[in-house]
Amino acid sequence: MPRSAVLVDAVRTPTGRGKPGGALSGVHPVDLAAGVLSALLERSGLESRQIDDVILGCVSQVADQSVNIARNAVLAAGFDETVPGTTIDRQCGSSQQAAHFAAQGVMAGAYDIVIAGGVESMSRVPLGSSATGGTPGSPRLRARYPEGLVNQGVSAELIAQQWGFSRERLDEFSAESHRRAADAWARGDFDSQVLPVEVDDGTPVSMDETIRASTTAEGLAGLNPSFRTDALAARFPELEWRITPGNSSPLTDGASAVLIMSEEKAAEVGLTPRARFHAFAVVGDDPLLMLTGPIPATRRILERSGLSIDDLDAYEVNEAFASVPLAWAAEVGGDPEKLNRWGGAIALGHALGSSGTRLLGTLLASLEATGGRYGLQTMCEGGGLANATIIERF
């Protein structure tokens with residue numbers, strides 16, 4: 001009989017713009033990650049020797065994020081040298097996958113206490129850095145897809161076209177994301193999970209830099225499409241080119257982490273679990289559309305869990321682009337009022353490797369704030385992948 005894996009705590013940094021001069025751009029990503037690891041230890045009262053493993057997600061594992069950033073963060077956090085760490089890449093879902101591996105390890109009896117999380121400094125290690133100097137598309141891969149796969153922005157365009165989302169609908173959704181995030185900050189909804197980060201001049205960064213409370217759909221309407229080129233327009237003549245910086249998630253810096261343990265160990269060390277992991281799923285999907293994976297991932301996890309979409313009280317669906325959660329809701333029947341209640345990545349940012357456990361922390365806090373029982377987290381991932389997680393609040 002598998003053991004129950006429980007969530008005890010979740011923390012994250014604020015998000016900073018992922019470009020030179022962004023609020024967190026002066027902080028090394030190892031130190032961003034070390035900060036959330038240290039905070040979980042301090043808040044729980046645990047000794048670092050009690051942590052069986054640290055599993056961190058990171059997408060661009062080069063330069064400042066190379067050489068197993070999880071192990072480097074463990075050491076930078078002052079953990080005992082006996083504490084291991086490993087870094088994984090499932091693209092945008094890397095830290096959600098880290099949480100899956102951590103919880104599954106607890107359920108299998110391989111761990112008692114484990115930290116899962118992620119980090120990405122897109123200001124210091126730009127998107128696509130890990131492909132620099134190489135060719136990820138091998139001859140055999142090109143033979144299978146002779147016309148070539150496309151970047152995620154074009155995939156978001158294809159989704160908008162296939163589901164018939166107008167530019168106005170995408171911009172309205174995006175403006176609402178900013179409104180919800182600004183309102184959540186004003187209510188103090190993020191206070192318990194966001195840790196101020198001290199930057200080089202000693203100034204603490206304590207709020208997400210990427211939220212624009214004054215955003216309106218009318219204001220976003222003036223932005224130009226981001227991904228249209230003459231070659232792509234010739235290949236996809238049906239596209240109207242609706243994806244802009246305003247209805248996409250911004251490049252972001254940030255780190256997040258969650259503390260996971262067995263229910264028995266939590267009782268033994270005197271910690272109160274906040275939720276248990278109820279079900280997991282991971283799927284592959286069409287690598288050209290690429291970002292539709294949350295739809296089959298949700299269907300699979302609902303089938304495995306025996307729950308229906310109506311049984312869920314909240315869902316966090318990553319807003320890589322506005323067309324992604326809109327297509328998800330249209331296909332699975334999601335209630336717009338339960339979807340990303342406190343805003344999503346369009347407002348809060350998408351620090352790739354960090355986003356999975358950031359969403360998990362937000363889902364947990366949202367369930368607690370509303371008294372909900374079951375919550376779903378799912379996110380699209382590069383290459384046509386998606387993870388889904390259901391947690392049950394205690």
# chains A, B, ... in the order shown; residues from 1 in each chain; ligands from 1
>>> residues_around(residues="region 36-44 of chain A", least_positions_apart="5", cutoff="7 Å", atoms="only C-alpha atoms", output="list in words")
Val11, Arg12, Ala77, Ala255, Ser256, Ala257 and Leu259 of chain A
>>> select_by_dssp(residues="region 196-394 of chain A", states="helix (DSSP H, G or I)", output="PyMOL selection string")
chain A and resi 217-220+230-235+245-247+263-269+294-305+309-311+323-332+336-338+345-348+352-370
>>> residues_around(residues="Glu381 (chain A)", least_positions_apart="5", cutoff="6 Å", atoms="only C-alpha atoms", output="JSON, numbers by chain")
{"A": [91, 92, 93, 386]}
>>> residues_around(residues="Leu32 (chain A)", least_positions_apart="5", cutoff="9 Å", atoms="only C-alpha atoms", output="ChimeraX atom specification")
/A:13,24,27,73,119-121,197,253-256
>>> write_last_selection(atoms="C-alpha atoms", output="mmCIF file, in the first residue's frame")
data_model
loop_
_atom_site.group_PDB
_atom_site.id
_atom_site.type_symbol
_atom_site.label_atom_id
_atom_site.label_comp_id
_atom_site.auth_asym_id
_atom_site.auth_seq_id
_atom_site.Cartn_x
_atom_site.Cartn_y
_atom_site.Cartn_z
ATOM 1 C CA THR A 13 10.479 34.740 -4.753
ATOM 2 C CA LEU A 24 16.198 40.312 -9.822
ATOM 3 C CA VAL A 27 20.947 38.048 -8.239
ATOM 4 C CA ALA A 73 21.843 25.810 -4.472
ATOM 5 C CA VAL A 119 14.607 28.367 -10.793
ATOM 6 C CA GLU A 120 15.165 30.391 -13.946
ATOM 7 C CA SER A 121 17.025 33.654 -14.471
ATOM 8 C CA VAL A 197 14.797 39.094 -2.074
ATOM 9 C CA ASP A 253 13.413 35.671 -13.207
ATOM 10 C CA GLY A 254 12.342 33.725 -10.128
ATOM 11 C CA ALA A 255 12.578 30.650 -7.912
ATOM 12 C CA SER A 256 10.054 28.579 -5.981
#
>>> closest_atom_pairs(of="region 187-250 of chain A", to="region 364-376 of chain A", cutoff="10 Å", atoms="only C-alpha atoms", output="Markdown table")
| residue | atom | partner | partner_atom | distance |
| --- | --- | --- | --- | --- |
| A:Asp189 | CA | A:Ala365 | CA | 7.7 |
| A:Phe190 | CA | A:Ala365 | CA | 8.1 |
| A:Ser192 | CA | A:Ala365 | CA | 8.5 |
| A:Gln193 | CA | A:Ala365 | CA | 8.3 |
>>> select_by_dssp(residues="region 141-346 of chain A", states="strand (DSSP E or B)", output="PyMOL selection string")
chain A and resi 194+197-198+204-205+248+251-262+275-284+314-317+321+339
>>> residues_around(residues="region 261-271 of chain A", least_positions_apart="3", cutoff="6 Å", atoms="only C-alpha atoms", output="MDAnalysis selection string")
chainID A and resid 4:6 106 112:113
>>> atom_distance(atom1="CA of Lys338 (chain A)", atom2="CA of Ala181 (chain A)")
14.0 Å
>>> closest_atom_pairs(of="region 142-240 of chain A", to="region 340-357 of chain A", cutoff="7 Å", atoms="only C-alpha atoms", output="tab-separated table")
residue	atom	partner	partner_atom	distance
A:Ser174	CA	A:Ile346	CA	6.4
A:Ser177	CA	A:Gly343	CA	4.3
A:His178	CA	A:Ala347	CA	4.8
A:Arg180	CA	A:Gly343	CA	4.8
A:Ala181	CA	A:Gly343	CA	4.3
A:Ala184	CA	A:Trp342	CA	5.5
A:Asp208	CA	A:Leu348	CA	6.4
A:Thr210	CA	A:Leu348	CA	5.8
A:Ile211	CA	A:Ala347	CA	4.8
